[in-house]
$ cat protein_39.csv   # CSV, C-alpha atoms and all ligand atoms
chain,number,residue,atom,x,y,z
A,39,MET,CA,-8.9,43.8,14.9
A,40,PHE,CA,-8.0,44.6,18.5
A,41,ARG,CA,-10.2,46.3,20.9
A,42,MET,CA,-9.4,47.1,24.5
A,43,GLU,CA,-12.2,45.8,26.6
A,44,ASN,CA,-11.5,46.7,30.2
A,45,ASP,CA,-13.3,44.9,32.9
A,46,PRO,CA,-15.2,47.7,34.7
A,47,ASP,CA,-14.6,46.1,38.1
A,48,THR,CA,-10.9,45.3,38.0
A,49,GLY,CA,-9.7,47.5,35.2
A,50,ILE,CA,-7.7,44.6,33.8
A,51,SER,CA,-7.9,44.3,30.0
A,52,ALA,CA,-9.6,41.3,28.6
A,53,ARG,CA,-6.4,40.5,26.6
A,54,ALA,CA,-4.3,40.4,29.8
A,55,GLN,CA,-7.0,38.2,31.3
A,56,ARG,CA,-6.8,35.8,28.4
A,57,LYS,CA,-3.0,35.8,28.6
A,58,ALA,CA,-3.1,34.9,32.2
A,59,GLN,CA,-5.6,32.1,31.5
A,60,ASP,CA,-3.4,30.7,28.7
A,61,LYS,CA,-0.4,30.8,31.1
A,62,ALA,CA,-2.4,28.9,33.7
A,63,LYS,CA,-3.4,26.3,31.2
A,64,ILE,CA,0.2,25.8,30.1
A,65,LEU,CA,1.3,25.4,33.7
A,66,GLN,CA,-1.4,22.9,34.3
A,67,ARG,CA,-0.4,20.8,31.3
A,68,GLU,CA,3.2,20.9,32.4
A,69,ASN,CA,2.1,19.8,35.9
A,70,GLN,CA,0.0,17.0,34.4
A,71,ARG,CA,3.0,15.9,32.2
A,72,ASN,CA,5.2,15.7,35.3
A,73,ILE,CA,2.6,13.6,37.2
A,74,PHE,CA,2.4,11.2,34.2
A,75,LYS,CA,6.2,10.9,34.0
A,76,LEU,CA,6.6,10.1,37.7
A,77,VAL,CA,3.6,7.6,37.6
A,78,ALA,CA,5.1,5.9,34.6
A,79,LYS,CA,8.5,5.7,36.3
A,80,ILE,CA,6.9,4.1,39.4
A,81,LEU,CA,4.8,1.7,37.4
A,82,LYS,CA,8.0,0.4,35.7
A,83,LYS,CA,9.2,-0.8,39.1
A,84,GLN,CA,8.2,-4.2,40.5
A,85,GLU,CA,5.5,-3.8,43.0
A,86,SER,CA,7.7,-5.1,45.8
A,87,GLU,CA,10.3,-2.5,45.0
A,88,ARG,CA,8.1,0.5,45.3
A,89,THR,CA,8.5,2.7,48.4
A,90,GLN,CA,5.6,3.6,50.6
A,91,GLU,CA,5.7,7.2,49.2
A,92,GLU,CA,5.5,5.8,45.7
A,93,VAL,CA,2.5,3.6,46.5
A,94,ALA,CA,0.8,6.6,48.0
A,95,TYR,CA,1.6,8.7,44.9
A,96,LEU,CA,-0.1,6.1,42.7
A,97,LEU,CA,-3.1,6.0,44.9
A,98,GLN,CA,-3.3,9.8,44.7
A,99,HIS,CA,-3.1,9.8,40.9
A,100,ARG,CA,-5.4,6.9,40.0
A,101,ASP,CA,-6.6,8.7,36.8
A,102,ALA,CA,-3.0,8.8,35.5
A,103,VAL,CA,-2.4,5.2,36.4
A,104,GLN,CA,-5.5,4.2,34.5
A,105,GLU,CA,-4.7,6.3,31.5
A,106,LEU,CA,-1.2,4.9,31.3
A,107,SER,CA,-2.3,1.3,31.5
A,108,LEU,CA,-4.9,1.9,28.8
A,109,ARG,CA,-2.1,3.4,26.6
A,110,GLN,CA,0.0,0.3,27.2
A,111,VAL,CA,-2.8,-2.0,26.2
A,112,ARG,CA,-3.2,0.1,23.0
A,113,ARG,CA,0.5,-0.1,22.3
A,114,ASN,CA,0.5,-3.9,22.7
A,115,VAL,CA,-2.4,-4.3,20.4
A,116,LEU,CA,-0.7,-2.1,17.8
A,117,LYS,CA,2.5,-4.1,18.2
A,118,ARG,CA,0.7,-7.4,17.7
A,119,LYS,CA,-1.0,-6.1,14.6
A,120,GLN,CA,2.4,-5.3,13.0
A,121,GLU,CA,3.9,-8.6,13.9
A,122,GLU,CA,4.4,-11.2,11.1
A,123,VAL,CA,2.8,-14.5,11.9
A,124,PHE,CA,3.6,-17.8,10.2
A,125,ASP,CA,1.4,-20.8,10.3
A,126,ASP,CA,3.4,-24.0,10.8
A,127,ALA,CA,3.9,-26.4,7.9
A,128,ASP,CA,1.0,-28.7,8.8
A,129,GLU,CA,-1.4,-26.0,9.4
A,130,LEU,CA,-0.5,-24.3,6.2
A,131,ARG,CA,-1.0,-27.5,4.2
A,132,CYS,CA,-4.4,-28.0,5.8
A,133,LYS,CA,-5.5,-24.4,5.2
A,134,VAL,CA,-4.4,-24.5,1.6
A,135,ARG,CA,-6.3,-27.7,1.0
A,136,GLN,CA,-9.4,-25.9,2.2
A,137,LEU,CA,-8.6,-23.0,-0.1
A,138,ALA,CA,-8.1,-25.4,-3.1
A,139,GLU,CA,-11.6,-26.8,-2.5
A,140,VAL,CA,-13.0,-23.3,-2.4
A,141,VAL,CA,-11.2,-22.3,-5.6
A,142,ARG,CA,-12.6,-25.4,-7.4
A,143,GLN,CA,-16.2,-24.7,-6.2
A,144,ALA,CA,-16.3,-21.0,-6.6
A,145,GLN,CA,-18.7,-19.5,-9.2
A,146,HIS,CA,-17.0,-16.2,-9.4
A,147,LEU,CA,-13.6,-16.0,-7.7
A,148,VAL,CA,-12.0,-12.5,-7.6
A,149,VAL,CA,-8.4,-12.0,-6.4
A,150,TYR,CA,-7.3,-8.8,-4.6
A,151,THR,CA,-3.5,-8.3,-4.5
A,152,GLY,CA,-1.2,-6.0,-2.6
A,153,ALA,CA,2.5,-5.3,-2.3
A,154,GLY,CA,3.1,-8.6,-0.5
A,155,ILE,CA,2.9,-10.5,-3.8
A,156,SER,CA,5.8,-8.5,-5.2
A,157,THR,CA,8.2,-8.7,-2.3
A,158,SER,CA,9.9,-11.8,-3.7
A,159,ALA,CA,10.6,-9.6,-6.8
A,160,SER,CA,12.6,-7.4,-4.4
A,161,ILE,CA,10.0,-4.7,-4.4
A,162,PRO,CA,9.4,-3.8,-0.8
A,163,ASP,CA,5.9,-3.8,0.6
A,164,TYR,CA,4.4,-0.8,2.5
A,165,ARG,CA,3.6,-1.9,6.0
A,166,GLY,CA,5.8,-5.0,6.5
A,167,PRO,CA,8.8,-4.7,8.8
A,168,ASN,CA,11.0,-3.3,6.0
A,169,GLY,CA,8.1,-1.7,4.1
A,170,VAL,CA,8.1,1.8,2.6
A,171,TRP,CA,5.6,3.1,5.1
A,172,THR,CA,7.3,1.5,8.1
A,173,LEU,CA,10.7,2.9,7.1
A,174,LEU,CA,9.2,6.4,6.5
A,175,GLN,CA,7.5,6.2,9.9
A,176,LYS,CA,10.9,5.6,11.4
A,177,GLY,CA,12.3,8.5,9.5
A,178,GLN,CA,14.5,6.3,7.3
A,179,THR,CA,15.0,6.7,3.6
A,180,ILE,CA,14.0,4.0,1.2
A,181,SER,CA,16.7,2.3,-0.7
A,182,SER,CA,16.2,-0.5,-3.2
A,183,SER,CA,17.6,-2.0,-6.2
A,184,ASP,CA,16.2,-0.6,-9.5
A,185,LEU,CA,12.5,-1.4,-9.6
A,186,SER,CA,12.5,-2.0,-13.3
A,187,GLU,CA,14.7,-5.1,-12.7
A,188,ALA,CA,11.8,-6.8,-11.0
A,189,GLU,CA,10.1,-9.6,-12.8
A,190,PRO,CA,6.7,-11.3,-12.2
A,191,THR,CA,6.9,-13.6,-9.1
A,192,LEU,CA,5.6,-17.2,-8.8
A,193,THR,CA,2.4,-15.7,-7.3
A,194,HIS,CA,1.9,-13.5,-10.4
A,195,MET,CA,2.4,-16.5,-12.7
A,196,CYS,CA,0.0,-18.7,-10.6
A,197,ILE,CA,-2.7,-16.0,-10.8
A,198,ARG,CA,-2.3,-15.7,-14.5
A,199,MET,CA,-2.6,-19.5,-14.8
A,200,LEU,CA,-5.7,-19.6,-12.6
A,201,HIS,CA,-7.3,-17.0,-14.8
A,202,LYS,CA,-6.3,-19.0,-17.9
A,203,GLU,CA,-7.9,-22.1,-16.4
A,204,LYS,CA,-11.1,-19.9,-15.7
A,205,LEU,CA,-10.8,-20.5,-12.0
A,206,VAL,CA,-10.2,-16.8,-11.3
A,207,LYS,CA,-12.5,-14.2,-13.0
A,208,HIS,CA,-10.9,-10.9,-12.2
A,209,ILE,CA,-7.8,-9.4,-10.4
A,210,VAL,CA,-7.9,-6.2,-8.5
A,211,SER,CA,-4.5,-4.9,-7.7
A,212,GLN,CA,-3.1,-2.0,-5.6
A,213,ASN,CA,0.3,-2.5,-7.1
A,214,CYS,CA,1.8,0.0,-9.5
A,215,ASP,CA,4.7,-2.3,-10.5
A,216,GLY,CA,3.0,-3.6,-13.7
A,217,LEU,CA,3.9,-7.2,-12.8
A,218,HIS,CA,0.4,-8.6,-13.4
A,219,ILE,CA,0.4,-7.4,-17.0
A,220,ARG,CA,3.9,-8.6,-17.5
A,221,SER,CA,2.9,-12.1,-16.3
A,222,GLY,CA,0.7,-12.3,-19.4
A,223,LEU,CA,-2.6,-11.6,-17.6
A,224,PRO,CA,-5.0,-10.0,-20.1
A,225,ARG,CA,-5.8,-6.3,-19.4
A,226,HIS,CA,-9.6,-6.8,-19.4
A,227,ALA,CA,-9.2,-9.2,-16.4
A,228,LEU,CA,-7.2,-6.7,-14.4
A,229,SER,CA,-7.9,-3.5,-12.5
A,230,GLU,CA,-4.8,-1.6,-11.4
A,231,LEU,CA,-6.6,0.7,-9.0
A,232,HIS,CA,-3.5,2.8,-8.3
A,233,GLY,CA,-2.0,2.9,-11.8
A,234,ASN,CA,0.9,1.4,-13.6
A,235,MET,CA,4.4,2.7,-13.5
A,236,PHE,CA,5.1,1.8,-17.2
A,237,ILE,CA,2.1,3.5,-18.7
A,238,GLU,CA,1.8,7.2,-19.5
A,239,VAL,CA,-1.3,8.7,-21.2
A,240,CYS,CA,-2.5,11.7,-23.2
A,241,THR,CA,-5.7,12.8,-21.7
A,242,SER,CA,-6.1,15.6,-24.3
A,243,CYS,CA,-6.7,12.9,-27.0
A,244,SER,CA,-10.1,11.3,-27.1
A,245,PRO,CA,-10.2,8.5,-26.3
A,246,VAL,CA,-7.3,8.7,-23.9
A,247,ARG,CA,-4.1,7.7,-25.8
A,248,GLU,CA,-1.8,5.2,-24.0
A,249,TYR,CA,1.9,5.0,-24.3
A,250,VAL,CA,3.6,1.9,-22.8
A,251,ARG,CA,7.3,2.5,-21.9
A,252,LEU,CA,10.1,0.2,-20.9
A,253,PHE,CA,11.0,2.4,-17.9
A,254,ASP,CA,9.4,3.8,-14.8
A,255,VAL,CA,7.6,6.9,-16.3
A,256,THR,CA,7.0,8.5,-12.9
A,257,GLU,CA,10.5,9.9,-12.2
A,258,HIS,CA,9.4,13.6,-12.2
A,259,THR,CA,5.8,13.2,-11.1
A,260,ALA,CA,4.2,13.4,-7.6
A,261,ARG,CA,0.9,13.9,-5.9
A,262,HIS,CA,-1.2,16.3,-8.0
A,263,ARG,CA,1.7,16.7,-10.4
A,264,HIS,CA,1.4,14.0,-13.0
A,265,GLY,CA,3.1,15.5,-16.1
A,266,THR,CA,6.0,13.3,-17.2
A,267,GLY,CA,7.7,15.9,-19.4
A,268,ARG,CA,7.2,13.9,-22.6
A,269,GLY,CA,4.7,14.8,-25.3
A,270,CYS,CA,1.8,13.1,-27.2
A,271,THR,CA,3.0,12.3,-30.8
A,272,HIS,CA,-0.6,13.0,-32.0
A,273,CYS,CA,-1.6,16.3,-30.4
A,274,GLY,CA,1.6,17.4,-28.7
A,275,ALA,CA,0.0,17.7,-25.2
A,276,GLU,CA,2.1,16.7,-22.2
A,277,LEU,CA,1.7,13.1,-21.1
A,278,SER,CA,0.7,12.1,-17.6
A,279,ASP,CA,1.5,9.1,-15.4
A,280,THR,CA,-1.4,7.0,-14.3
A,281,ILE,CA,-0.5,6.8,-10.6
A,282,VAL,CA,-3.1,7.4,-8.0
A,283,HIS,CA,-1.5,8.8,-4.8
A,284,PHE,CA,-2.9,8.9,-1.3
A,285,GLY,CA,-5.6,11.5,-1.2
A,286,GLU,CA,-6.2,11.5,-5.0
A,287,LYS,CA,-9.2,10.1,-6.8
A,288,GLY,CA,-8.3,8.1,-9.9
A,289,THR,CA,-10.4,9.0,-12.8
A,290,LEU,CA,-8.6,7.2,-15.7
A,291,GLU,CA,-10.6,4.4,-17.3
A,292,GLN,CA,-7.4,2.4,-17.9
A,293,PRO,CA,-5.3,1.0,-16.4
A,294,LEU,CA,-7.5,1.6,-13.3
A,295,ASN,CA,-10.5,-0.2,-14.7
A,296,TRP,CA,-12.8,0.6,-11.8
A,297,ARG,CA,-15.8,-0.7,-13.9
A,298,GLY,CA,-14.2,-4.1,-14.1
A,299,ALA,CA,-13.4,-4.1,-10.4
A,300,MET,CA,-16.9,-3.1,-9.4
A,301,GLU,CA,-18.6,-5.6,-11.8
A,302,ALA,CA,-16.3,-8.4,-10.4
A,303,ALA,CA,-17.0,-7.4,-6.8
A,304,GLU,CA,-20.8,-7.4,-7.6
A,305,ARG,CA,-20.7,-10.9,-9.0
A,306,ALA,CA,-18.0,-12.4,-6.6
A,307,ASP,CA,-19.0,-15.3,-4.3
A,308,VAL,CA,-15.4,-15.6,-3.1
A,309,ILE,CA,-12.7,-13.0,-2.7
A,310,LEU,CA,-9.1,-14.1,-2.2
A,311,CYS,CA,-6.8,-11.4,-0.8
A,312,LEU,CA,-3.1,-11.9,-1.3
A,313,GLY,CA,-0.4,-9.9,0.4
A,314,SER,CA,-2.4,-6.8,1.2
A,315,SER,CA,-2.7,-5.1,4.6
A,316,LEU,CA,-6.2,-4.2,3.2
A,317,LYS,CA,-5.9,-0.8,5.0
A,318,VAL,CA,-6.5,1.1,1.8
A,319,LEU,CA,-8.7,-1.5,0.0
A,320,LYS,CA,-11.1,-1.7,2.9
A,321,LYS,CA,-12.1,1.9,2.3
A,322,TYR,CA,-13.6,1.1,-1.1
A,323,SER,CA,-16.8,-0.3,0.3
A,324,CYS,CA,-18.1,-1.3,-3.1
A,325,LEU,CA,-15.3,-3.9,-3.3
A,326,TRP,CA,-16.7,-5.9,-0.3
A,327,GLY,CA,-20.3,-6.2,-1.2
A,328,MET,CA,-21.2,-4.1,1.8
A,329,ASN,CA,-24.4,-3.0,0.0
A,330,LYS,CA,-25.6,-6.6,0.3
A,331,PRO,CA,-27.0,-8.3,3.4
A,332,ALA,CA,-24.3,-10.0,5.4
A,333,ASN,CA,-25.2,-13.6,4.4
A,334,ARG,CA,-25.0,-12.7,0.7
A,335,ARG,CA,-21.6,-11.0,0.8
A,336,PRO,CA,-18.7,-12.8,-0.9
A,337,LYS,CA,-16.7,-15.2,1.4
A,338,LEU,CA,-13.3,-13.8,2.3
A,339,TYR,CA,-10.0,-15.8,2.2
A,340,ILE,CA,-7.0,-13.8,3.3
A,341,VAL,CA,-3.3,-14.7,2.8
A,342,ASN,CA,-1.2,-12.2,4.7
A,343,LEU,CA,1.5,-12.4,7.4
A,344,GLN,CA,0.2,-9.4,9.3
A,345,TRP,CA,-3.1,-8.6,10.8
A,346,THR,CA,-5.7,-7.0,8.5
A,347,PRO,CA,-8.8,-5.1,9.3
A,348,LYS,CA,-10.9,-7.8,7.5
A,349,ASP,CA,-9.5,-10.7,9.5
A,350,ASP,CA,-12.6,-11.0,11.7
A,351,LEU,CA,-14.8,-11.2,8.6
A,352,ALA,CA,-12.7,-13.8,6.9
A,353,THR,CA,-13.8,-17.4,6.4
A,354,LEU,CA,-10.1,-18.3,6.5
A,355,LYS,CA,-6.9,-16.4,7.3
A,356,ILE,CA,-3.7,-18.0,6.1
A,357,HIS,CA,-0.5,-16.7,7.6
A,358,GLY,CA,2.1,-17.6,5.0
A,359,LYS,CA,4.2,-16.1,2.2
A,360,CYS,CA,2.2,-15.7,-1.0
A,361,ASP,CA,4.6,-17.7,-3.1
A,362,ASP,CA,4.5,-20.6,-0.6
A,363,VAL,CA,0.8,-20.6,-0.4
A,364,MET,CA,0.3,-20.3,-4.1
A,365,SER,CA,2.8,-23.1,-5.0
A,366,LEU,CA,1.0,-25.5,-2.5
A,367,LEU,CA,-2.4,-24.4,-4.0
A,368,MET,CA,-1.3,-25.1,-7.5
A,369,GLU,CA,0.0,-28.5,-6.4
A,370,ASP,CA,-3.4,-29.3,-4.9
A,371,LEU,CA,-5.2,-28.1,-8.0
A,372,ASN,CA,-2.7,-30.0,-10.1
A,373,ILE,CA,-1.9,-27.0,-12.3
A,374,GLN,CA,1.6,-26.4,-13.6
A,375,ILE,CA,3.1,-23.0,-12.8
A,376,PRO,CA,4.5,-21.5,-16.0
A,377,ALA,CA,7.9,-19.6,-15.9
A,378,TYR,CA,7.9,-15.9,-16.7
A,379,ASN,CA,8.8,-15.5,-20.4
A,380,LYS,CA,10.3,-12.2,-21.5
A,381,THR,CA,9.5,-12.8,-25.1
A,382,GLU,CA,5.8,-12.9,-24.2
A,383,ASP,CA,5.9,-9.9,-21.8
A,384,PRO,CA,3.2,-7.5,-23.1
A,385,ILE,CA,5.0,-4.5,-21.7
A,386,LEU,CA,8.0,-5.4,-23.8
A,387,ILE,CA,5.9,-6.2,-26.8
A,388,SER,CA,3.5,-3.2,-26.8
A,389,THR,CA,6.0,-0.5,-25.9
A,390,THR,CA,6.1,2.8,-27.8
A,391,PRO,CA,9.7,3.8,-28.5
A,392,LEU,CA,10.8,7.3,-27.4
A,393,ARG,CA,11.3,10.0,-30.1
A,394,PRO,CA,15.0,10.8,-30.5
A,395,GLU,CA,14.6,14.2,-28.7
A,396,GLU,CA,13.0,12.4,-25.8
A,397,GLU,CA,15.8,9.9,-25.2
A,398,ASP,CA,17.2,12.0,-22.3
A,399,SER,CA,13.8,12.6,-20.7
A,400,HIS,CA,14.4,10.0,-18.0
A,401,SER,CA,17.3,8.4,-16.2
A,402,ARG,CA,15.6,5.2,-15.1
A,403,LYS,CA,16.9,1.8,-16.1
A,404,VAL,CA,15.1,0.3,-19.1
A,405,ILE,CA,13.7,-3.3,-18.9
A,406,ALA,CA,16.0,-5.3,-21.1
A,407,GLN,CA,14.2,-6.8,-24.0
A,408,SER,CA,16.7,-9.6,-24.2
A,409,ALA,CA,20.0,-10.4,-22.7
A,410,GLY,CA,22.7,-8.1,-24.1
A,411,LEU,CA,20.2,-5.3,-24.8
A,412,GLU,CA,20.9,-3.5,-21.5
A,413,ASP,CA,20.2,0.1,-21.2
A,414,PRO,CA,23.3,2.1,-21.6
A,415,GLN,CA,22.3,4.7,-19.0
A,416,GLU,CA,23.1,3.3,-15.6
A,417,GLN,CA,21.1,4.7,-12.8
A,418,ALA,CA,23.3,7.0,-10.8
A,419,GLY,CA,24.1,5.5,-7.3
A,420,GLY,CA,21.7,2.6,-7.6
A,421,GLY,CA,20.8,3.0,-3.9
A,422,ALA,CA,18.1,5.3,-2.8
A,423,VAL,CA,15.3,5.8,-5.3
A,424,HIS,CA,14.2,9.4,-5.8
A,425,GLY,CA,11.0,10.7,-7.2
A,426,GLY,CA,8.1,9.0,-8.8
A,427,TRP,CA,5.4,6.8,-7.5
A,428,PHE,CA,7.7,4.7,-5.4
A,429,GLY,CA,7.7,5.9,-1.8
A,430,LYS,CA,6.7,9.4,-2.6
A,431,GLY,CA,3.0,9.0,-2.8
A,432,TYR,CA,3.1,7.0,0.3
A,433,SER,CA,5.1,9.5,2.4
A,434,LYS,CA,2.2,11.7,3.3
A,435,GLY,CA,3.4,15.1,4.3
A,436,ARG,CA,7.1,14.3,3.9
A,437,THR,CA,7.4,14.9,0.2
A,438,LYS,CA,10.0,17.4,-0.8
A,439,ARG,CA,9.3,19.5,-3.8
A,440,LYS,CA,11.6,18.6,-6.6
A,441,ARG,CA,12.2,20.8,-9.6
A,442,MET,CA,11.4,19.3,-13.0
A,443,ALA,CA,14.6,18.3,-14.7
A,501,ZN,ZN,-2.7,13.5,-27.5
$ encode --input "protein_39.csv" --output "structure tokens"
Amino acid sequence: MFRMENDPDTGISARAQRKAQDKAKILQRENQRNIFKLVAKILKKQESERTQEEVAYLLQHRDAVQELSLRQVRRNVLKRKQEEVFDDADELRCKVRQLAEVVRQAQHLVVYTGAGISTSASIPDYRGPNGVWTLLQKGQTISSSDLSEAEPTLTHMCIRMLHKEKLVKHIVSQNCDGLHIRSGLPRHALSELHGNMFIEVCTSCSPVREYVRLFDVTEHTARHRHGTGRGCTHCGAELSDTIVHFGEKGTLEQPLNWRGAMEAAERADVILCLGSSLKVLKKYSCLWGMNKPANRRPKLYIVNLQWTPKDDLATLKIHGKCDDVMSLLMEDLNIQIPAYNKTEDPILISTTPLRPEEEDSHSRKVIAQSAGLEDPQEQAGGGAVHGGWFGKGYSKGRTKRKRMA
């Protein structure tokens, strides 16, 4: 609704006044920007090379100088946080020895894992130099070999073994790649907080009915759109993926297993974080015993190349690759690391075959059950991965709507 409100003194309309004010503001901002630009240019010069006029200009615009140097400090801090740091061999040995002692002594050791434990399976992490998040921030597309070709890494196999030896009680993972299950880790010992790319569910059935597939079920799904296009063989309802995207709240009991994660965190005396930036995990305060007094919170051990927001609270921070740290740890604990065995892979064993009419419902590569049983449908291109949990859920605001095939 517009109303002409004339100023009785000047006769100028209020609207024209506002317009003039806005224009003045824009001019002022423009002016401020120019000052900042010039100050920045002068600051780049060596002090000895600055002219008298330039020095005077800096003195005249002290606020701008101060603001710009603050920004530089912030930029440096940010840069340092993104850098990958490596402990040297001796330091790493020494730190892992400490860790081994803690693993032996712990009453209730819980392991939190992030994308960093899967990078050696050629799944990129999110915030590393070539991570999904980093690439998207730079406006680059994500390209990767087919994710279904990934197999459990040495770290996955070590974790499974530590659980088998009863040294680790529970694993809380942010990864959707299903590699913990595929390593042979029992489901009850695992919380996949952000879902599992091989599992689709019927939420119309009660209890929720689970379908394990040999391929990435998330091809046509996205944030707030979880229908996979396939149907429940019992009730006919459309199946959904189990992925929890940024901004979503996961409500599925499995594979998220929040109850297991919370019970584990409640009882934990030691938490070992492997290959996670902890930027998302830190938001779940219940996972860190924050409800307890500081001296009764679990001790934190962090293995990550980059800075994490929990570093200051950690008893020990190890800057090393997860596979390197874990193989040293197993050596210290004198535990053999089993090799991944396809014939024991639960995803391969417990899979539900597609109905004939659903054979064409996806174009993703199938995990081969044994050599020679390769999927006949090759993924077109094999370069950039489109759709699904991978990348999409993590590219906040950059997602393109894709029609259901
Ligand atoms: Zn159903």
$ atom_distance --input "protein_39.csv" --atom1 "atom CA of Leu366 of chain A" --atom2 "atom CA of Ala188 of chain A"
23.2 Å
$ residues_around --input "protein_39.csv" --residues "Arg305 of chain A" --least-positions-apart "2" --cutoff "12 Å" --atoms "all atoms listed in the file" --output "list in words"
Ala144, Gln145, His146, Leu147, Val148, Lys207, His208, Gly298, Ala299, Met300, Glu301, Ala302, Ala303, Asp307, Val308, Ile309, Cys324, Leu325, Trp326, Gly327, Lys330, Arg334, Arg335, Pro336 and Lys337 of chain A
$ residues_around --input "protein_39.csv" --residues "Ser229 of chain A" --least-positions-apart "4" --cutoff "7 Å" --atoms "all atoms listed in the file" --output "ChimeraX atom specification"
/A:209-211,293-296,298-299
$ write_last_selection --input "protein_39.csv" --atoms "C-alpha atoms" --output "PDB file, in the coordinates of the input"
ATOM      1  CA  ILE A 209      -7.800  -9.400 -10.400  1.00  0.00           C
ATOM      2  CA  VAL A 210      -7.900  -6.200  -8.500  1.00  0.00           C
ATOM      3  CA  SER A 211      -4.500  -4.900  -7.700  1.00  0.00           C
ATOM      4  CA  PRO A 293      -5.300   1.000 -16.400  1.00  0.00           C
ATOM      5  CA  LEU A 294      -7.500   1.600 -13.300  1.00  0.00           C
ATOM      6  CA  ASN A 295     -10.500  -0.200 -14.700  1.00  0.00           C
ATOM      7  CA  TRP A 296     -12.800   0.600 -11.800  1.00  0.00           C
ATOM      8  CA  GLY A 298     -14.200  -4.100 -14.100  1.00  0.00           C
ATOM      9  CA  ALA A 299     -13.400  -4.100 -10.400  1.00  0.00           C
TER      10      ALA A 299
END
$ closest_residue --input "protein_39.csv" --among "A:Lys355, A:Lys321, A:Lys403, A:Arg268" --to "ligand ZN 501 (chain A)" --atoms "all atoms listed in the file"
A:Arg268
$ closest_residue --input "protein_39.csv" --among "A:Ser244, A:Thr271, A:Ser388, A:Thr151" --to "Leu316 of chain A" --atoms "all atoms listed in the file"
A:Thr151
$ closest_residue --input "protein_39.csv" --among "A:His194, A:Arg220, A:Arg297, A:Arg135" --to "Ala153 of chain A" --atoms "only C-alpha atoms"
A:His194
$ closest_atom_pairs --input "protein_39.csv" --of "chain A" --to "ligand ZN 501 (chain A)" --cutoff "9 Å" --atoms "all atoms listed in the file" --output "Markdown table"
| residue | atom | partner | partner_atom | distance |
| --- | --- | --- | --- | --- |
| A:Val239 | CA | A:ZN501 | ZN | 8.0 |
| A:Cys240 | CA | A:ZN501 | ZN | 4.7 |
| A:Thr241 | CA | A:ZN501 | ZN | 6.6 |
| A:Ser242 | CA | A:ZN501 | ZN | 5.1 |
| A:Cys243 | CA | A:ZN501 | ZN | 4.1 |
| A:Ser244 | CA | A:ZN501 | ZN | 7.7 |
| A:Val246 | CA | A:ZN501 | ZN | 7.6 |
| A:Arg247 | CA | A:ZN501 | ZN | 6.2 |
| A:Gly269 | CA | A:ZN501 | ZN | 7.8 |
| A:Cys270 | CA | A:ZN501 | ZN | 4.5 |
| A:Thr271 | CA | A:ZN501 | ZN | 6.7 |
| A:His272 | CA | A:ZN501 | ZN | 5.0 |
| A:Cys273 | CA | A:ZN501 | ZN | 4.2 |
| A:Gly274 | CA | A:ZN501 | ZN | 5.9 |
| A:Ala275 | CA | A:ZN501 | ZN | 5.5 |
| A:Glu276 | CA | A:ZN501 | ZN | 7.8 |
| A:Leu277 | CA | A:ZN501 | ZN | 7.8 |
$ closest_residue --input "protein_39.csv" --among "A:His283, A:His201, A:Lys83, A:His218" --to "Arg261 of chain A" --atoms "all atoms listed in the file"
A:His283
$ build_atoms --input "protein_39.csv" --residues "segment 328-338 of chain A" --atoms "N, CA and C atoms" --output "short mmCIF file (atom, residue, chain, number, x, y, z; two decimals), in the frame of the given file"
data_model
loop_
_atom_site.label_atom_id
_atom_site.label_comp_id
_atom_site.auth_asym_id
_atom_site.auth_seq_id
_atom_site.Cartn_x
_atom_site.Cartn_y
_atom_site.Cartn_z
N MET A 328 -20.57 -4.58 0.57
CA MET A 328 -21.20 -4.10 1.80
C MET A 328 -22.61 -3.59 1.59
N ASN A 329 -22.99 -3.42 0.32
CA ASN A 329 -24.40 -3.00 0.00
C ASN A 329 -25.34 -4.19 0.12
N LYS A 330 -24.77 -5.41 0.25
CA LYS A 330 -25.60 -6.60 0.30
C LYS A 330 -25.83 -7.02 1.76
N PRO A 331 -26.90 -7.79 2.03
CA PRO A 331 -27.00 -8.30 3.40
C PRO A 331 -25.86 -9.26 3.70
N ALA A 332 -25.47 -9.32 4.97
CA ALA A 332 -24.30 -10.00 5.40
C ALA A 332 -24.17 -11.44 4.83
N ASN A 333 -25.30 -12.15 4.78
CA ASN A 333 -25.20 -13.60 4.40
C ASN A 333 -25.08 -13.72 2.84
N ARG A 334 -25.19 -12.60 2.11
CA ARG A 334 -25.00 -12.70 0.70
C ARG A 334 -23.72 -12.04 0.19
N ARG A 335 -22.90 -11.62 1.14
CA ARG A 335 -21.60 -11.00 0.80
C ARG A 335 -20.64 -12.15 0.39
N PRO A 336 -19.66 -11.81 -0.48
CA PRO A 336 -18.70 -12.80 -0.90
C PRO A 336 -17.88 -13.34 0.34
N LYS A 337 -17.52 -14.62 0.29
CA LYS A 337 -16.70 -15.20 1.40
C LYS A 337 -15.27 -14.71 1.19
N LEU A 338 -14.63 -14.41 2.32
CA LEU A 338 -13.30 -13.80 2.30
C LEU A 338 -12.23 -14.86 2.66
#
